[in-house]
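> File name upload_16.cif; file contents mmCIF, C-alpha atoms; full text below.
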```
data_data
#
loop_
_atom_site.label_atom_id
_atom_site.label_comp_id
_atom_site.auth_asym_id
_atom_site.auth_seq_id
_atom_site.Cartn_x
_atom_site.Cartn_y
_atom_site.Cartn_z
CA MET A 7 -0.32 54.69 -37.95
CA PHE A 8 1.46 57.62 -36.29
CA LYS A 9 -0.76 60.01 -34.32
CA LEU A 10 0.05 63.59 -33.45
CA SER A 11 0.79 64.42 -29.82
CA THR A 12 -1.68 66.70 -28.06
CA GLU A 13 0.68 69.65 -28.52
CA ASP A 14 1.12 68.95 -32.26
CA LEU A 15 -2.65 68.45 -32.58
CA LYS A 16 -3.16 71.84 -30.95
CA ILE A 17 -0.79 73.52 -33.42
CA TYR A 18 -2.44 71.77 -36.35
CA ILE A 19 -6.00 72.70 -35.32
CA LEU A 20 -5.21 76.28 -34.26
CA GLU A 21 -3.57 76.93 -37.64
CA ARG A 22 -6.77 75.87 -39.37
CA VAL A 23 -9.02 77.77 -36.94
CA SER A 24 -6.97 80.93 -37.57
CA ARG A 25 -8.31 80.88 -41.14
CA LEU A 26 -11.75 81.76 -39.70
CA GLY A 27 -10.42 85.10 -38.48
CA ASN A 28 -9.81 86.37 -34.98
CA ILE A 29 -11.72 83.72 -33.02
CA ASN A 30 -11.58 83.50 -29.23
CA ILE A 31 -11.39 79.83 -28.31
CA LYS A 32 -10.66 80.15 -24.60
CA GLU A 33 -13.19 77.39 -23.80
CA TYR A 34 -11.11 74.93 -25.87
CA ASN A 35 -8.54 73.09 -23.81
CA PHE A 36 -5.87 70.98 -25.42
CA LEU A 37 -5.47 68.57 -22.54
CA GLU A 38 -7.20 65.53 -21.14
CA ASN A 39 -10.48 66.16 -19.34
CA LYS A 40 -10.21 65.21 -15.69
CA HIS A 41 -13.14 64.79 -13.31
CA GLY A 42 -13.97 68.19 -11.92
CA SER A 43 -12.29 70.09 -14.77
CA GLU A 44 -13.71 73.43 -15.81
CA ASP A 45 -16.57 73.50 -18.29
CA GLY A 46 -15.60 73.55 -21.94
CA PHE A 47 -14.14 71.52 -24.74
CA TYR A 48 -11.17 69.21 -24.33
CA ILE A 49 -9.17 68.05 -27.34
CA TYR A 50 -6.31 65.63 -26.87
CA SER A 51 -4.41 62.67 -28.21
CA ASP A 52 -3.79 59.49 -26.27
CA GLY A 53 -1.15 58.40 -28.80
CA GLN A 54 -3.54 56.10 -30.65
CA ARG A 55 -6.74 58.11 -30.98
CA TYR A 56 -7.95 61.70 -30.82
CA HIS A 57 -10.56 62.76 -28.28
CA PHE A 58 -13.10 65.58 -28.46
CA VAL A 59 -14.88 66.06 -25.15
CA TYR A 60 -17.47 68.57 -24.01
CA SER A 61 -17.72 68.88 -20.24
CA GLU A 62 -20.29 70.82 -18.28
CA ARG A 63 -20.73 70.93 -14.51
CA GLY A 64 -18.11 68.25 -14.04
CA THR A 65 -19.88 65.82 -16.38
CA GLU A 66 -18.86 64.73 -19.86
CA ASN A 67 -21.81 65.53 -22.11
CA LYS A 68 -20.02 64.46 -25.27
CA HIS A 69 -16.97 62.30 -25.82
CA ASN A 70 -16.14 61.58 -29.45
CA VAL A 71 -13.14 59.43 -30.31
CA THR A 72 -11.48 59.00 -33.70
CA ASP A 73 -8.23 57.96 -35.27
CA ASN A 74 -8.79 60.39 -38.15
CA LEU A 75 -7.09 63.80 -38.09
CA PHE A 76 -9.63 65.30 -40.48
CA GLU A 77 -12.52 64.17 -38.28
CA ILE A 78 -11.16 65.65 -35.05
CA THR A 79 -10.44 68.91 -36.89
CA TYR A 80 -13.97 68.90 -38.32
CA TRP A 81 -15.50 68.43 -34.85
CA VAL A 82 -13.58 71.39 -33.46
CA ILE A 83 -14.29 73.74 -36.37
CA SER A 84 -17.93 72.65 -36.49
CA SER A 85 -18.40 73.46 -32.80
CA ILE A 86 -16.79 76.88 -33.34
CA THR A 87 -18.98 77.74 -36.32
CA ASP A 88 -22.07 76.54 -34.43
CA THR A 89 -21.19 78.92 -31.60
CA LEU A 90 -20.59 81.77 -34.05
CA ALA A 91 -23.94 81.14 -35.75
CA ILE A 92 -25.80 81.14 -32.43
CA ARG A 93 -24.04 84.31 -31.34
CA TYR A 94 -24.91 85.99 -34.66
CA MET A 95 -28.53 84.94 -34.36
CA ARG A 96 -28.81 86.26 -30.80
CA THR A 97 -27.29 89.57 -31.84
CA HIS A 98 -29.06 90.16 -35.14
CA ILE A 99 -32.29 88.20 -35.17
CA LEU A 100 -33.66 87.44 -31.71
CA PRO A 101 -33.86 91.03 -30.39
CA ASN A 102 -36.19 91.86 -33.29
CA PRO A 103 -39.83 91.33 -32.17
CA ASN A 104 -40.82 90.53 -35.76
CA CYS A 105 -38.17 87.84 -36.20
CA LYS A 106 -40.72 85.03 -36.49
CA ASN A 107 -42.41 86.78 -39.38
CA LYS A 108 -39.13 87.59 -41.11
CA LEU A 109 -37.88 84.03 -40.79
CA ALA A 110 -41.18 82.57 -41.96
CA THR A 111 -41.24 84.70 -45.11
CA ARG A 112 -37.75 83.79 -46.26
#
```
Go ahead and express the file in the form of structure tokens.

Amino acid sequence: MFKLSTEDLKIYILERVSRLGNINIKEYNFLENKHGSEDGFYIYSDGQRYHFVYSERGTENKHNVTDNLFEITYWVISSITDTLAIRYMRTHILPNPNCKNKLATR
């Protein structure tokens, strides 16, 4: 089965991410992760499979591989929405000293 190139994969995913609004995805790199690369996410195609890699401090902490376009897109969007949820929680919930009580009563 034909797989998208890394550049075509980037276009495909960024079009779908744009539906979330104005999202800054500077930590997402559409290229192969090399040893010593900057921290962040790496999304690329090797021609047969799609790779979703999270690298931190020069070490791959996550390396998912799939041949499914939906799955690679899901991984990227899921990581973005996770980051947005954490950012929202830090901004709106954690600074409140009563947050434990508010969360427990919901």
> Decode the PyMOL selection byres ((chain A and resi 45) around 8) for the given file into explicit residues and return them as an NGL selection string.
:A and (33 or 43-44 or 46-47 or 60-64)
> Go ahead and write the selection's residues with C-alpha atoms as a PDB file, in the frame of the given file.

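Writing done, so here's result_34.pdb:
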```pdb
ATOM      1  CA  GLU A  33     -13.190  77.390 -23.800  1.00  0.00           C
ATOM      2  CA  SER A  43     -12.290  70.090 -14.770  1.00  0.00           C
ATOM      3  CA  GLU A  44     -13.710  73.430 -15.810  1.00  0.00           C
ATOM      4  CA  GLY A  46     -15.600  73.550 -21.940  1.00  0.00           C
ATOM      5  CA  PHE A  47     -14.140  71.520 -24.740  1.00  0.00           C
ATOM      6  CA  TYR A  60     -17.470  68.570 -24.010  1.00  0.00           C
ATOM      7  CA  SER A  61     -17.720  68.880 -20.240  1.00  0.00           C
ATOM      8  CA  GLU A  62     -20.290  70.820 -18.280  1.00  0.00           C
ATOM      9  CA  ARG A  63     -20.730  70.930 -14.510  1.00  0.00           C
ATOM     10  CA  GLY A  64     -18.110  68.250 -14.040  1.00  0.00           C
TER      11      GLY A  64
END
```
> Take atom CA of Asp73 of chain A and atom CA of Arg55 of chain A and report the distance between them in Å, one decimal.
4.5 Å
> So how many Å separate atom CA of Ile29 of chain A and atom CA of Thr87 of chain A, to one decimal?
10.0 Å
> Give the answer as one residue: which of A:Leu10, A:Ile83, A:Leu75, A:Ile92 has the shortest atom-to-atom distance to Arg25 of chain A, using all atoms listed in the file?
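When distances to Arg25 of chain A are compared using all atoms listed in the file, the smallest one comes from A:Ile83.
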> Write out as a PyMOL selection string each polymer residue whose atoms come within 10 Å of Asp52 of chain A, counting all atoms listed in the file; drop sequence neighbours fewer than 3 positions from it.
chain A and resi 9-12+37-38+55-57
> Enter the distance from atom CA of Val23 of chain A to atom CA of Leu90 of chain A, in Å, rounded to one decimal.
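If I compute the distance from atom CA of Val23 of chain A to atom CA of Leu90 of chain A, I get 12.6 Å.
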> With the PyMOL selection byres ((chain A and resi 69) around 6) as the selection, what would be picked from this file? Answer as a PyMOL selection string, please.
chain A and resi 58-59+68+70
> Once all heavy atoms are restored for segment 15-26 of chain A, what would the output be as a CSV table (one decimal), in the coordinates of the input?

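Contents of rebuild29.csv, as written:
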```
chain,number,residue,atom,x,y,z
A,15,LEU,N,-1.2,68.4,-32.2
A,15,LEU,CA,-2.6,68.4,-32.6
A,15,LEU,C,-3.2,69.9,-32.4
A,15,LEU,O,-3.9,70.4,-33.2
A,15,LEU,CB,-3.5,67.4,-31.8
A,15,LEU,CG,-5.0,67.4,-32.1
A,15,LEU,CD1,-5.2,67.0,-33.5
A,15,LEU,CD2,-5.6,66.4,-31.1
A,16,LYS,N,-2.8,70.5,-31.2
A,16,LYS,CA,-3.2,71.8,-31.0
A,16,LYS,C,-2.6,72.8,-32.0
A,16,LYS,O,-3.4,73.6,-32.6
A,16,LYS,CB,-2.6,72.3,-29.6
A,16,LYS,CG,-2.9,73.7,-29.2
A,16,LYS,CD,-2.2,74.0,-27.9
A,16,LYS,CE,-2.5,75.5,-27.5
A,16,LYS,NZ,-1.9,75.8,-26.2
A,17,ILE,N,-1.4,72.7,-32.4
A,17,ILE,CA,-0.8,73.5,-33.4
A,17,ILE,C,-1.5,73.3,-34.7
A,17,ILE,O,-1.9,74.3,-35.4
A,17,ILE,CB,0.7,73.2,-33.6
A,17,ILE,CG1,1.5,73.7,-32.3
A,17,ILE,CG2,1.3,73.9,-34.8
A,17,ILE,CD1,2.9,73.1,-32.2
A,18,TYR,N,-1.8,72.1,-35.1
A,18,TYR,CA,-2.4,71.8,-36.4
A,18,TYR,C,-3.8,72.4,-36.4
A,18,TYR,O,-4.2,73.0,-37.4
A,18,TYR,CB,-2.5,70.2,-36.5
A,18,TYR,CG,-3.2,69.8,-37.7
A,18,TYR,CD1,-2.5,69.6,-38.9
A,18,TYR,CD2,-4.5,69.5,-37.8
A,18,TYR,CE1,-3.1,69.2,-40.1
A,18,TYR,CE2,-5.2,69.0,-38.9
A,18,TYR,CZ,-4.4,68.9,-40.1
A,18,TYR,OH,-5.0,68.4,-41.2
A,19,ILE,N,-4.6,72.2,-35.4
A,19,ILE,CA,-6.0,72.7,-35.3
A,19,ILE,C,-6.0,74.2,-35.2
A,19,ILE,O,-6.8,74.9,-36.0
A,19,ILE,CB,-6.8,72.0,-34.2
A,19,ILE,CG1,-7.1,70.6,-34.5
A,19,ILE,CG2,-8.1,72.8,-33.9
A,19,ILE,CD1,-7.7,69.8,-33.4
A,20,LEU,N,-5.2,74.8,-34.4
A,20,LEU,CA,-5.2,76.3,-34.3
A,20,LEU,C,-4.8,77.0,-35.6
A,20,LEU,O,-5.3,78.0,-35.9
A,20,LEU,CB,-4.3,76.7,-33.1
A,20,LEU,CG,-4.8,76.4,-31.7
A,20,LEU,CD1,-3.8,76.9,-30.7
A,20,LEU,CD2,-6.1,77.0,-31.4
A,21,GLU,N,-3.9,76.4,-36.3
A,21,GLU,CA,-3.6,76.9,-37.6
A,21,GLU,C,-4.8,77.0,-38.5
A,21,GLU,O,-5.0,77.9,-39.2
A,21,GLU,CB,-2.4,76.1,-38.3
A,21,GLU,CG,-1.8,76.8,-39.5
A,21,GLU,CD,-2.5,76.6,-40.8
A,21,GLU,OE1,-3.1,75.5,-40.9
A,21,GLU,OE2,-2.6,77.5,-41.6
A,22,ARG,N,-5.6,75.9,-38.5
A,22,ARG,CA,-6.8,75.9,-39.4
A,22,ARG,C,-7.9,76.8,-38.8
A,22,ARG,O,-8.6,77.4,-39.6
A,22,ARG,CB,-7.3,74.4,-39.5
A,22,ARG,CG,-6.5,73.7,-40.6
A,22,ARG,CD,-6.0,72.3,-40.2
A,22,ARG,NE,-5.2,71.8,-41.3
A,22,ARG,CZ,-3.9,72.0,-41.3
A,22,ARG,NH1,-3.3,72.7,-40.3
A,22,ARG,NH2,-3.1,71.5,-42.3
A,23,VAL,N,-8.0,76.9,-37.5
A,23,VAL,CA,-9.0,77.8,-36.9
A,23,VAL,C,-8.7,79.2,-37.2
A,23,VAL,O,-9.6,80.0,-37.4
A,23,VAL,CB,-9.1,77.5,-35.4
A,23,VAL,CG1,-9.9,78.6,-34.7
A,23,VAL,CG2,-9.7,76.2,-35.1
A,24,SER,N,-7.4,79.5,-37.3
A,24,SER,CA,-7.0,80.9,-37.6
A,24,SER,C,-7.5,81.4,-38.9
A,24,SER,O,-7.6,82.6,-39.1
A,24,SER,CB,-5.4,81.1,-37.5
A,24,SER,OG,-4.8,80.4,-38.6
A,25,ARG,N,-7.8,80.5,-39.8
A,25,ARG,CA,-8.3,80.9,-41.1
A,25,ARG,C,-9.7,81.5,-41.0
A,25,ARG,O,-10.2,82.1,-42.0
A,25,ARG,CB,-8.3,79.7,-42.1
A,25,ARG,CG,-6.9,79.2,-42.4
A,25,ARG,CD,-7.0,77.9,-43.2
A,25,ARG,NE,-5.6,77.3,-43.2
A,25,ARG,CZ,-5.4,76.1,-43.8
A,25,ARG,NH1,-6.4,75.4,-44.4
A,25,ARG,NH2,-4.2,75.7,-43.8
A,26,LEU,N,-10.4,81.2,-39.9
A,26,LEU,CA,-11.8,81.8,-39.7
A,26,LEU,C,-11.7,83.2,-39.3
A,26,LEU,O,-12.8,83.9,-39.2
A,26,LEU,CB,-12.5,81.0,-38.6
A,26,LEU,CG,-12.8,79.5,-38.9
A,26,LEU,CD1,-13.3,78.8,-37.7
A,26,LEU,CD2,-13.7,79.4,-40.1
```
